[in-house]
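Okay, input.txt now, which holds compact mmCIF, C-alpha atoms:
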# COMPACT_ATOMS: atom_id res chain seq x y z
CA MET A 10 106.84 98.74 21.97
CA ARG A 11 105.93 101.12 19.15
CA LEU A 12 108.17 99.26 16.67
CA ARG A 13 106.61 95.99 17.76
CA HIS A 14 103.13 97.36 17.02
CA ILE A 15 104.23 98.54 13.57
CA ALA A 16 105.66 95.14 12.72
CA LEU A 17 102.53 93.39 13.92
CA ALA A 18 100.30 95.66 11.84
CA ALA A 19 102.45 95.08 8.77
CA GLY A 20 102.20 91.33 9.21
CA MET A 21 98.40 91.54 9.47
CA VAL A 22 97.87 93.36 6.17
CA GLY A 23 99.74 90.65 4.25
CA LEU A 24 101.24 93.02 1.66
CA LEU A 25 104.68 94.41 2.33
CA CYS A 26 107.46 96.02 0.32
CA LEU A 27 110.36 93.87 1.53
CA PRO A 28 113.54 92.47 0.00
CA ALA A 29 113.74 88.83 -1.01
CA HIS A 30 115.20 86.31 1.41
CA ALA A 31 118.86 86.95 1.99
CA ASP A 32 119.77 83.30 1.42
CA ALA A 33 118.47 83.21 -2.16
CA ARG A 34 119.24 85.08 -5.37
CA ASP A 35 116.60 87.71 -6.08
CA ILE A 36 114.94 86.47 -9.28
CA SER A 37 112.07 88.94 -9.27
CA ARG A 38 113.47 91.13 -12.05
CA ASP A 39 114.70 88.27 -14.20
CA THR A 40 113.47 88.23 -17.78
CA LEU A 41 113.18 85.32 -20.19
CA PRO A 42 116.57 84.71 -21.85
CA ALA A 43 116.88 85.20 -25.59
CA ASN A 44 115.90 82.18 -27.72
CA ASP A 45 114.31 80.39 -24.78
CA GLY A 46 111.28 79.05 -26.58
CA TRP A 47 108.27 80.65 -28.18
CA ALA A 48 107.84 83.25 -25.40
CA SER A 49 111.17 84.79 -26.46
CA ALA A 50 109.82 85.69 -29.92
CA GLY A 51 109.57 89.34 -30.91
CA GLU A 52 109.94 91.64 -27.93
CA GLY A 53 110.41 88.69 -25.59
CA THR A 54 108.89 88.28 -22.14
CA THR A 55 109.93 90.63 -19.35
CA GLY A 56 106.98 90.41 -16.95
CA GLY A 57 107.01 93.10 -14.27
CA SER A 58 110.76 93.75 -14.44
CA ALA A 59 110.12 97.45 -15.15
CA ALA A 60 108.06 97.90 -11.96
CA ASP A 61 108.89 100.90 -9.80
CA ALA A 62 109.51 100.47 -6.08
CA ALA A 63 105.89 101.26 -5.23
CA HIS A 64 104.73 98.23 -7.22
CA VAL A 65 107.05 95.63 -5.74
CA TYR A 66 105.21 93.62 -3.09
CA THR A 67 105.80 90.76 -0.72
CA VAL A 68 102.49 89.11 0.14
CA THR A 69 101.74 86.68 2.93
CA ASP A 70 98.00 86.05 2.66
CA ARG A 71 95.15 86.05 0.17
CA ALA A 72 94.07 89.60 0.93
CA GLY A 73 97.56 90.91 0.25
CA LEU A 74 97.84 88.92 -2.96
CA VAL A 75 94.51 90.25 -4.23
CA ARG A 76 95.56 93.84 -3.52
CA ALA A 77 98.87 93.37 -5.28
CA LEU A 78 97.22 91.81 -8.35
CA ASP A 79 95.12 94.96 -8.56
CA GLY A 80 92.21 93.38 -10.38
CA GLY A 81 94.43 92.20 -13.20
CA SER A 82 95.68 95.69 -14.08
CA ALA A 83 98.44 96.18 -16.65
CA THR A 84 100.59 98.28 -14.32
CA PRO A 85 104.10 96.75 -14.19
CA LYS A 86 104.30 94.89 -10.89
CA ILE A 87 106.40 92.32 -9.06
CA ILE A 88 104.64 90.11 -6.53
CA ARG A 89 106.71 87.96 -4.19
CA ILE A 90 104.80 85.27 -2.33
CA ALA A 91 106.14 84.36 1.11
CA GLY A 92 105.05 81.39 3.18
CA THR A 93 101.77 79.60 2.45
CA ILE A 94 98.76 81.43 1.07
CA ASP A 95 95.36 79.75 1.19
CA ALA A 96 92.96 81.11 -1.44
CA ASN A 97 90.00 79.64 0.45
CA THR A 98 89.94 82.31 3.13
CA ASP A 99 87.61 85.16 3.99
CA ASP A 100 88.57 88.81 4.31
CA ASP A 101 89.68 88.21 7.91
CA GLY A 102 91.99 85.38 6.85
CA ASP A 103 89.82 82.60 8.26
CA HIS A 104 89.71 79.36 6.27
CA LEU A 105 86.60 78.59 4.25
CA ASP A 106 85.52 75.05 3.43
CA CYS A 107 82.87 73.78 1.03
CA ALA A 108 80.10 74.09 3.61
CA ASP A 109 80.87 77.80 3.95
CA TYR A 110 80.25 78.35 0.23
CA ALA A 111 77.09 76.25 -0.03
CA THR A 112 73.99 78.41 -0.38
CA ASP A 113 70.35 78.42 -1.44
CA GLY A 114 69.78 74.94 -0.05
CA TYR A 115 72.50 73.17 -2.01
CA ALA A 116 73.46 69.75 -0.66
CA LEU A 117 75.38 67.05 -2.50
CA LYS A 118 72.96 64.37 -1.33
CA LYS A 119 70.03 66.33 -2.76
CA TYR A 120 71.93 67.05 -5.97
CA LEU A 121 72.68 63.37 -6.52
CA ALA A 122 69.07 62.44 -5.88
CA ALA A 123 67.81 65.11 -8.28
CA TYR A 124 70.02 64.17 -11.24
CA ASP A 125 70.44 60.43 -10.92
CA PRO A 126 70.51 59.27 -14.58
CA ARG A 127 68.15 56.41 -13.74
CA THR A 128 65.40 58.90 -12.98
CA TRP A 129 66.56 62.22 -14.47
CA GLY A 130 67.73 60.79 -17.77
CA ALA A 131 70.23 62.40 -20.14
CA ALA A 132 68.98 65.98 -20.02
CA LYS A 133 71.27 68.77 -18.80
CA PRO A 134 70.67 69.42 -15.07
CA SER A 135 68.22 72.20 -14.37
CA GLY A 136 65.96 73.26 -11.53
CA PRO A 137 66.47 74.22 -7.87
CA GLN A 138 69.49 72.06 -7.01
CA GLU A 139 71.41 73.00 -10.16
CA GLU A 140 70.62 76.66 -9.54
CA ALA A 141 71.81 76.27 -5.95
CA ARG A 142 74.99 74.56 -7.16
CA GLN A 143 75.69 77.46 -9.52
CA ALA A 144 75.14 80.02 -6.76
CA SER A 145 77.43 78.10 -4.42
CA ALA A 146 80.08 77.75 -7.13
CA LYS A 147 79.95 81.50 -7.73
CA LYS A 148 80.72 82.15 -4.07
CA GLN A 149 83.80 79.94 -4.23
CA ALA A 150 84.95 81.43 -7.53
CA GLU A 151 84.94 84.89 -5.95
CA ARG A 152 87.62 83.67 -3.52
CA VAL A 153 89.79 81.31 -5.53
CA GLU A 154 89.94 82.88 -9.01
CA LEU A 155 92.95 85.21 -8.97
CA LEU A 156 93.24 87.44 -12.05
CA VAL A 157 96.77 88.10 -13.34
CA GLY A 158 97.18 91.12 -15.62
CA SER A 159 99.78 92.20 -18.16
CA ASN A 160 103.34 93.16 -17.21
CA THR A 161 103.29 91.07 -14.05
CA THR A 162 105.92 88.89 -12.41
CA ILE A 163 104.86 86.49 -9.65
CA VAL A 164 107.66 84.68 -7.83
CA GLY A 165 107.73 82.49 -4.80
CA LEU A 166 110.26 83.14 -2.08
CA LYS A 167 111.87 80.14 -0.42
CA GLY A 168 109.25 77.47 0.27
CA ALA A 169 106.31 79.56 -1.02
CA VAL A 170 103.00 77.76 -1.53
CA LEU A 171 99.71 78.89 -3.04
CA LYS A 172 96.97 76.38 -2.30
CA GLY A 173 93.39 76.26 -3.46
CA GLY A 174 93.83 79.11 -5.95
CA SER A 175 93.45 79.38 -9.70
CA LEU A 176 95.88 81.86 -11.25
CA GLN A 177 94.02 83.11 -14.34
CA VAL A 178 95.98 84.99 -17.00
CA ARG A 179 93.09 86.34 -19.06
CA ASN A 180 93.67 88.42 -22.20
CA ALA A 181 97.00 89.58 -20.81
CA ASN A 182 100.46 90.08 -22.28
CA ASN A 183 103.91 89.74 -20.79
CA VAL A 184 103.58 87.61 -17.65
CA ILE A 185 106.14 85.60 -15.66
CA ILE A 186 105.29 83.01 -12.97
CA ARG A 187 108.25 81.32 -11.26
CA ASN A 188 109.46 79.34 -8.26
CA LEU A 189 106.06 78.66 -6.73
CA ASP A 190 104.40 75.52 -5.40
CA LEU A 191 100.76 75.62 -6.54
CA ARG A 192 98.48 72.91 -5.26
CA ASP A 193 94.93 71.70 -4.88
CA ALA A 194 92.72 74.02 -6.96
CA TYR A 195 89.78 72.15 -5.45
CA ASP A 196 86.28 72.60 -6.85
CA CYS A 197 83.62 72.20 -4.15
CA PHE A 198 80.77 72.02 -6.66
CA PRO A 199 81.41 69.90 -9.77
CA VAL A 200 78.58 69.76 -12.29
CA TRP A 201 77.11 66.55 -13.70
CA GLN A 202 77.23 66.40 -17.51
CA PRO A 203 75.05 63.46 -18.63
CA ASN A 204 76.13 63.40 -22.29
CA THR A 205 79.90 63.61 -21.86
CA GLY A 206 81.81 60.58 -23.13
CA GLY A 207 78.71 58.46 -23.56
CA LEU A 208 78.46 57.61 -19.85
CA GLY A 209 78.35 61.14 -18.53
CA ASP A 210 81.04 62.73 -16.39
CA TRP A 211 81.73 65.27 -13.66
CA LYS A 212 83.04 68.64 -14.84
CA THR A 213 85.19 70.82 -12.61
CA ALA A 214 85.88 74.53 -12.81
CA TYR A 215 89.43 75.52 -11.86
CA ASP A 216 92.78 75.12 -13.59
CA THR A 217 95.71 75.69 -11.27
CA ILE A 218 97.10 78.07 -13.91
CA TRP A 219 94.92 79.08 -16.84
CA LEU A 220 96.17 81.06 -19.81
CA THR A 221 93.27 82.29 -21.94
CA GLY A 222 93.69 84.77 -24.77
CA SER A 223 97.15 85.69 -23.44
CA THR A 224 100.55 86.15 -25.07
CA HIS A 225 104.19 86.18 -24.04
CA VAL A 226 103.96 84.10 -20.88
CA TRP A 227 106.87 82.34 -19.16
CA VAL A 228 106.13 79.69 -16.51
CA ASP A 229 109.32 78.40 -14.92
CA HIS A 230 110.34 76.23 -11.97
CA VAL A 231 106.83 75.84 -10.63
CA THR A 232 105.38 72.71 -9.02
CA LEU A 233 101.74 71.96 -9.76
CA SER A 234 99.78 69.15 -8.12
CA ASP A 235 96.59 68.08 -6.35
CA LYS A 236 98.50 67.70 -3.10
CA GLY A 237 96.07 67.57 -0.21
CA HIS A 238 93.04 66.21 -2.07
CA PRO A 239 93.98 63.68 -4.78
CA ASP A 240 91.09 62.79 -7.07
CA ALA A 241 91.94 59.13 -6.60
CA ASP A 242 90.60 59.44 -3.05
CA GLU A 243 87.26 60.89 -4.17
CA PRO A 244 84.13 58.70 -4.28
CA THR A 245 82.28 57.48 -7.35
CA TYR A 246 78.86 58.87 -8.20
CA PHE A 247 76.77 57.75 -11.17
CA ALA A 248 79.56 55.24 -11.90
CA ARG A 249 82.05 58.08 -12.51
CA ASN A 250 84.88 59.39 -10.35
CA TYR A 251 83.76 62.57 -8.58
CA LEU A 252 86.57 64.74 -9.93
CA ARG A 253 87.54 67.89 -8.02
CA HIS A 254 90.35 69.23 -10.22
CA ASP A 255 90.56 70.45 -13.82
CA GLY A 256 93.88 71.14 -15.56
CA LEU A 257 97.19 71.91 -13.91
CA LEU A 258 98.17 74.34 -16.69
CA ASP A 259 95.76 74.91 -19.58
CA ILE A 260 96.60 77.15 -22.55
CA THR A 261 93.48 78.02 -24.53
CA ASN A 262 91.42 80.55 -26.49
CA GLY A 263 94.12 81.88 -28.77
CA SER A 264 96.91 82.14 -26.21
CA ASP A 265 100.27 82.37 -27.92
CA LEU A 266 104.03 82.58 -27.45
CA VAL A 267 104.38 80.61 -24.23
CA THR A 268 107.41 78.93 -22.68
CA VAL A 269 107.01 76.40 -19.85
CA SER A 270 110.35 75.28 -18.44
CA TRP A 271 111.89 73.34 -15.56
CA SER A 272 108.52 72.71 -13.92
CA LYS A 273 106.98 69.69 -12.22
CA PHE A 274 103.47 68.39 -12.90
CA ALA A 275 102.49 65.70 -10.43
CA ASP A 276 99.72 63.46 -9.05
CA HIS A 277 96.95 64.61 -11.36
CA ASP A 278 94.58 63.41 -14.06
CA LYS A 279 94.49 65.93 -16.95
CA ALA A 280 97.71 67.91 -16.76
CA MET A 281 97.82 70.28 -19.72
CA LEU A 282 95.41 71.17 -22.51
CA ILE A 283 96.68 73.32 -25.37
CA GLY A 284 93.66 74.36 -27.43
CA ASN A 285 90.25 73.70 -25.92
CA SER A 286 88.04 72.85 -28.88
CA ASP A 287 88.19 71.25 -32.33
CA SER A 288 85.83 73.97 -33.54
CA ALA A 289 88.01 76.88 -32.34
CA THR A 290 89.47 77.53 -35.78
CA GLY A 291 90.51 81.02 -34.67
CA ASP A 292 93.37 79.28 -32.85
CA ARG A 293 95.09 78.58 -36.18
CA GLY A 294 98.45 80.33 -36.22
CA ARG A 295 98.42 80.70 -32.46
CA LEU A 296 98.94 78.35 -29.48
CA ARG A 297 102.71 78.38 -30.12
CA VAL A 298 104.18 76.80 -27.00
CA THR A 299 107.57 75.47 -25.92
CA LEU A 300 107.80 72.83 -23.17
CA HIS A 301 111.30 71.95 -22.06
CA HIS A 302 112.96 70.36 -19.04
CA ASN A 303 109.67 69.60 -17.29
CA GLN A 304 108.79 66.53 -15.25
CA PHE A 305 105.39 64.86 -15.61
CA GLU A 306 105.04 62.43 -12.72
CA SER A 307 101.99 60.29 -11.94
CA VAL A 308 99.96 62.13 -14.55
CA VAL A 309 97.13 60.16 -16.16
CA GLN A 310 96.80 62.10 -19.43
CA ARG A 311 97.29 65.39 -21.33
CA ALA A 312 101.03 65.89 -20.99
CA PRO A 313 100.08 67.71 -23.14
CA ARG A 314 97.05 67.27 -25.42
CA VAL A 315 97.32 69.68 -28.35
CA ARG A 316 94.97 71.18 -30.89
CA PHE A 317 96.12 73.56 -33.66
CA GLY A 318 99.32 74.71 -31.92
CA GLN A 319 102.94 74.46 -32.96
CA VAL A 320 104.35 72.88 -29.82
CA HIS A 321 108.05 72.21 -29.28
CA LEU A 322 108.45 69.47 -26.70
CA TYR A 323 112.06 68.72 -25.81
CA ASN A 324 114.17 67.37 -22.95
CA ASN A 325 111.18 66.50 -20.76
CA ARG A 326 110.97 63.63 -18.27
CA TYR A 327 107.91 61.42 -17.85
CA ILE A 328 107.29 59.05 -14.95
CA ALA A 329 104.07 57.07 -15.38
CA LYS A 330 102.97 55.20 -12.26
CA ASN A 331 99.19 55.29 -12.41
CA ASP A 332 97.09 52.15 -12.69
CA ASP A 333 94.62 54.25 -14.68
CA TYR A 334 97.27 55.79 -16.96
CA ARG A 335 95.85 56.66 -20.39
CA TYR A 336 98.53 58.43 -22.48
CA SER A 337 101.09 61.24 -22.39
CA LEU A 338 101.08 62.95 -25.80
CA GLY A 339 97.66 63.79 -27.21
CA ILE A 340 97.69 64.60 -30.92
CA SER A 341 94.45 66.34 -31.90
CA THR A 342 93.01 68.47 -34.68
CA GLU A 343 95.64 70.31 -36.74
CA SER A 344 98.26 69.97 -34.00
CA ALA A 345 101.93 70.21 -34.96
CA VAL A 346 103.98 68.70 -32.14
CA HIS A 347 107.76 68.61 -32.63
CA ALA A 348 109.11 66.27 -29.91
CA GLU A 349 112.85 65.85 -29.34
CA ASN A 350 114.89 63.89 -26.83
CA ASN A 351 112.28 63.15 -24.18
CA ALA A 352 112.60 60.31 -21.65
CA PHE A 353 109.76 58.08 -20.43
CA HIS A 354 109.77 55.77 -17.40
CA THR A 355 106.90 53.33 -16.95
CA PRO A 356 106.07 50.11 -15.10
CA GLY A 357 105.69 46.91 -17.07
CA HIS A 358 101.96 47.22 -17.76
CA ILE A 359 102.45 50.49 -19.69
CA GLU A 360 103.84 49.94 -23.18
CA ALA A 361 105.52 52.38 -25.56
CA ALA A 362 102.40 52.10 -27.71
CA ASP A 363 100.41 53.68 -24.87
CA LEU A 364 102.36 56.93 -24.82
CA VAL A 365 100.68 58.57 -27.82
CA LYS A 366 96.97 58.94 -28.52
CA SER A 367 95.37 60.70 -31.48
CA TRP A 368 91.97 62.31 -31.98
CA ASN A 369 91.76 63.48 -35.57
CA GLY A 370 95.49 64.26 -35.54
CA SER A 371 97.61 64.03 -38.66
CA ALA A 372 101.28 64.40 -37.73
CA LEU A 373 103.90 63.97 -35.02
CA HIS A 374 107.60 64.69 -35.40
CA GLN A 375 109.68 62.79 -32.86
CA THR A 376 113.35 62.00 -32.49
CA GLY A 377 115.65 60.86 -29.71
CA THR A 378 112.97 59.32 -27.47
CA LEU A 379 114.01 57.00 -24.63
CA PHE A 380 111.56 54.47 -23.18
CA ASN A 381 112.79 52.86 -19.97
CA GLY A 382 116.32 53.54 -21.13
CA TYR A 383 115.90 52.20 -24.68
CA PRO A 384 115.63 54.29 -27.85
CA VAL A 385 112.22 54.04 -29.53
CA ASP A 386 110.42 55.60 -32.48
CA LEU A 387 107.08 56.72 -31.06
CA LEU A 388 105.70 57.57 -34.49
CA ALA A 389 106.44 54.15 -35.95
CA ILE A 390 105.08 52.44 -32.84
CA TYR A 391 101.88 54.48 -32.90
CA ASN A 392 101.27 53.69 -36.55
CA ALA A 393 102.03 49.99 -36.04
CA TYR A 394 99.62 49.66 -33.14
CA ASN A 395 96.94 52.10 -34.26
CA SER A 396 93.68 50.18 -34.09
CA GLY A 397 92.36 51.84 -37.21
CA SER A 398 90.02 54.14 -35.30
CA GLU A 399 92.39 56.97 -36.22
CA ARG A 400 94.49 57.51 -39.34
CA ASP A 401 98.23 56.95 -39.24
CA LEU A 402 100.36 59.97 -38.36
CA THR A 403 103.02 61.40 -40.65
CA ALA A 404 106.33 62.91 -39.54
CA ASP A 405 105.78 66.20 -41.38
CA VAL A 406 104.42 68.77 -38.92
CA GLY A 407 105.16 71.64 -41.28
CA TRP A 408 107.68 73.57 -39.20
CA THR A 409 111.08 73.32 -37.54
CA PRO A 410 111.76 75.00 -34.18
CA THR A 411 114.41 77.70 -34.12
CA LEU A 412 113.80 79.28 -30.72
CA HIS A 413 115.25 76.94 -28.11
CA THR A 414 118.06 76.48 -25.63
CA LYS A 415 120.66 73.73 -26.02
CA ILE A 416 118.93 70.41 -26.70
CA ASP A 417 120.68 67.67 -24.73
CA SER A 418 120.38 63.95 -25.23
CA ALA A 419 117.34 62.41 -23.60
CA GLU A 420 119.63 60.58 -21.19
CA ALA A 421 121.41 63.76 -20.06
CA ALA A 422 118.18 65.74 -19.85
CA ASP A 423 116.56 62.97 -17.81
CA ARG A 424 119.20 63.34 -15.13
CA ALA A 425 119.15 67.14 -15.21
CA VAL A 426 115.37 67.38 -14.90
CA ALA A 427 115.33 64.90 -12.01
CA ARG A 428 117.70 67.22 -10.15
CA GLY A 429 116.43 70.60 -11.22
CA ALA A 430 112.72 70.72 -12.08
CA GLY A 431 110.15 72.27 -9.80
CA ALA A 432 109.85 75.05 -7.25
CA GLY A 433 112.86 75.80 -5.09
CA ARG A 434 115.39 74.55 -7.62
CA ILE A 435 116.42 77.66 -9.54
CA PRO A 436 120.23 77.71 -9.72
Structure rendered as structure tokens:
Amino acid sequence: MRLRHIALAAGMVGLLCLPAHADARDISRDTLPANDGWASAGEGTTGGSAADAAHVYTVTDRAGLVRALDGGSATPKIIRIAGTIDANTDDDGDHLDCADYATDGYALKKYLAAYDPRTWGAAKPSGPQEEARQASAKKQAERVELLVGSNTTIVGLKGAVLKGGSLQVRNANNVIIRNLDLRDAYDCFPVWQPNTGGLGDWKTAYDTIWLTGSTHVWVDHVTLSDKGHPDADEPTYFARNYLRHDGLLDITNGSDLVTVSWSKFADHDKAMLIGNSDSATGDRGRLRVTLHHNQFESVVQRAPRVRFGQVHLYNNRYIAKNDDYRYSLGISTESAVHAENNAFHTPGHIEAADLVKSWNGSALHQTGTLFNGYPVDLLAIYNAYNSGSERDLTADVGWTPTLHTKIDSAEAADRAVARGAGAGRIP
């Protein structure tokens, strides 16, 4: 009876020092292999592999995860996630929905009435309902924003899911995130921005993973999606889709030396932003990112969109299914994308000319691209079909990647990624 009580108490606290599942290789002390992309530069990326036994945790709920993260401390730590963790829970583990966060009289119906462009105009929202929205959003942020500090490894055990959370790697160094299904970083309180895109738009708050001001980060074999609440099912307000999700994995504000490998990005609008602003000239010389052996499936845009960074994009697989598909590769201010041997699959209404879009970009290096099984030159196609709203792109991006694993043909990589990308597929 006493042992039973001890086990029950341990399960309730949600933070245990336990071994990994016996039926899977323990990957928690793995480090990024040499030459595996930009994150292997210099001292490489080792995450929490140096953690002592007291800082190796298995967590089963939000409370346990928060304790293990330790406020984003730099103490070497290994955090193993077991089962499904819901970030939208209170301190007792009870689920919280949007109504639980709403405060100070916030109500969507009142918000829409207050800021209807036909009566409010184009001014930025202000006043009681916007203040109430901000207060409500703050309450949700306190639950779902999970701060990841330096020298940390986060791994999912078999079947591990983190839903509703935003893993935020802020001003950190040496972080590894692997083998985890992250889904539905759902914003209860989007803000209306009247002057965005000419027609206005809804702005959401949470990236599923956000790297900001961080270096030496390896993201591997994760699955990221909106599973549970796809934006396509959301209503339209002010003639714009009421978006609930921001990026799946955004890399901004001078982040640098990042490798993203063997991961799956699915069922989402804006998948990945590398560099958040044309005016962020401090990003020059940074935002060096490698993306290899990833699958982008049913993604509308930003796979990725790049500003300033030297991005090596090789052996990735793209499956475009969306009726509202916009583009895959976004070439923006001073970006230097070196794309090799990537494979694209699209239905008939999506042409090869749709795959690339430029905003003040100047160059794109691409070789070995397959489009529905046929070799294509994306650069030549972009320049041939460019409407003239943007200048033609050149092939000279000013650098040649040297840090990379074996680069397979697009055909071989296409098959390998279909088999091996995403959580639960580490060999």
For range 280-369 of chain A versus range 242-259 of chain A, which residues have an atom no more than 6 Å away, and what is each residue's nearest atom pair and distance in Å rounded to one decimal, using all atoms listed in the file, chain-then-number order, as CSV?
residue,atom,partner,partner_atom,distance
A:Ala280,CA,A:Leu257,CA,4.9
A:Met281,CA,A:Asp259,CA,5.1
A:Leu282,CA,A:Asp259,CA,4.8
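With all atoms listed in the file as the atoms that count, the minimum distance from Gly46 in chain A to the choices A:Val226, A:Ile416, A:Ile260, A:Val267 is reached by A:Val267.
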Q: Return the single residue from A:Thr261, A:Ser223, A:Ser82, A:Ser49 that is closest to Leu156 in chain A, with distances computed using all atoms listed in the file.
A: A:Ser82
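Of the residues under consideration (A:Ser337, A:Asn182, A:Thr232, A:Ser367), A:Asn182 shows the shortest atom-to-atom contact distance to Pro85 in chain A when counting only C-alpha atoms.
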(Q) When you look at Ile359 in chain A with a cut-off of 12 Å (counting all atoms listed in the file), what residues show up, excluding the ones that are within fewer than 4 positions of it in the same chain? I need them as number ranges by chain. (A) A: 309, 328-337, 353-355, 363-365, 380-381
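Residue nearest Asp70 in chain A, chosen from A:Ala96, A:Ile163, A:Ala404, A:Val157 and counting only C-alpha atoms: A:Ala96.
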Q | Option closest in space to Arg34 in chain A, from A:Val164, A:Leu412, A:Ala181, A:Ala361 [counting all atoms listed in the file] | A | A:Val164
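Computed from the coordinates, the CA of Pro436 in chain A to CA of Arg38 in chain A distance equals 15.2 Å.
Neighbours of Arg297 in chain A closer than or equal to 8 Å, with all atoms listed in the file counted and sequence neighbours fewer than 6 positions away skipped, come out as Trp47, Ser264, Asp265, Leu266, Val267, Gly318, Gln319 and Val320 of chain A.
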**Q.** Within 8 Å of Ala372 in chain A using all atoms listed in the file, minus same-chain residues under 5 positions, as a list in words
**A.** Ile340, Ser344, Ala345, Val346, Leu402, Thr403, Ala404, Asp405 and Val406 of chain A
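With only C-alpha atoms as the atoms that count, the residue of A:Asp99, A:Ala430, A:Asn369, A:Thr55 with the shortest distance to Gly397 in chain A is A:Asn369.
Atom pair CA of Arg326 in chain A / CA of Gln310 in chain A: separated by 14.3 Å.
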Please supply range 387-392 of chain A, rebuilt with all heavy atoms, as a CSV table (one decimal), in the coordinates of the input.
chain,number,residue,atom,x,y,z
A,387,LEU,N,108.5,56.7,-31.5
A,387,LEU,CA,107.1,56.7,-31.1
A,387,LEU,C,106.1,56.8,-32.3
A,387,LEU,O,105.0,56.3,-32.2
A,387,LEU,CB,106.8,57.9,-30.2
A,387,LEU,CG,107.4,57.9,-28.7
A,387,LEU,CD1,107.0,59.1,-28.0
A,387,LEU,CD2,106.9,56.6,-28.0
A,388,LEU,N,106.6,57.5,-33.3
A,388,LEU,CA,105.7,57.6,-34.5
A,388,LEU,C,105.5,56.2,-35.1
A,388,LEU,O,104.3,55.8,-35.4
A,388,LEU,CB,106.3,58.5,-35.5
A,388,LEU,CG,105.5,58.7,-36.8
A,388,LEU,CD1,104.2,59.3,-36.5
A,388,LEU,CD2,106.3,59.6,-37.8
A,389,ALA,N,106.6,55.5,-35.3
A,389,ALA,CA,106.4,54.2,-36.0
A,389,ALA,C,105.6,53.2,-35.1
A,389,ALA,O,104.8,52.4,-35.6
A,389,ALA,CB,107.8,53.6,-36.2
A,390,ILE,N,105.8,53.3,-33.8
A,390,ILE,CA,105.1,52.4,-32.8
A,390,ILE,C,103.6,52.8,-32.9
A,390,ILE,O,102.7,51.9,-32.9
A,390,ILE,CB,105.7,52.5,-31.4
A,390,ILE,CG1,107.0,51.9,-31.4
A,390,ILE,CG2,104.7,51.9,-30.4
A,390,ILE,CD1,107.8,52.1,-30.1
A,391,TYR,N,103.3,54.1,-32.8
A,391,TYR,CA,101.9,54.5,-32.9
A,391,TYR,C,101.2,53.9,-34.2
A,391,TYR,O,100.1,53.4,-34.1
A,391,TYR,CB,101.7,56.0,-32.9
A,391,TYR,CG,100.3,56.4,-33.1
A,391,TYR,CD1,99.4,56.4,-32.0
A,391,TYR,CD2,99.8,56.7,-34.3
A,391,TYR,CE1,98.0,56.7,-32.2
A,391,TYR,CE2,98.5,57.0,-34.5
A,391,TYR,CZ,97.6,57.0,-33.5
A,391,TYR,OH,96.3,57.3,-33.7
A,392,ASN,N,101.9,54.1,-35.3
A,392,ASN,CA,101.3,53.7,-36.6
A,392,ASN,C,101.1,52.2,-36.6
A,392,ASN,O,100.2,51.6,-37.2
A,392,ASN,CB,102.1,54.2,-37.7
A,392,ASN,CG,101.9,55.7,-37.9
A,392,ASN,OD1,100.9,56.3,-37.5
A,392,ASN,ND2,102.9,56.3,-38.6
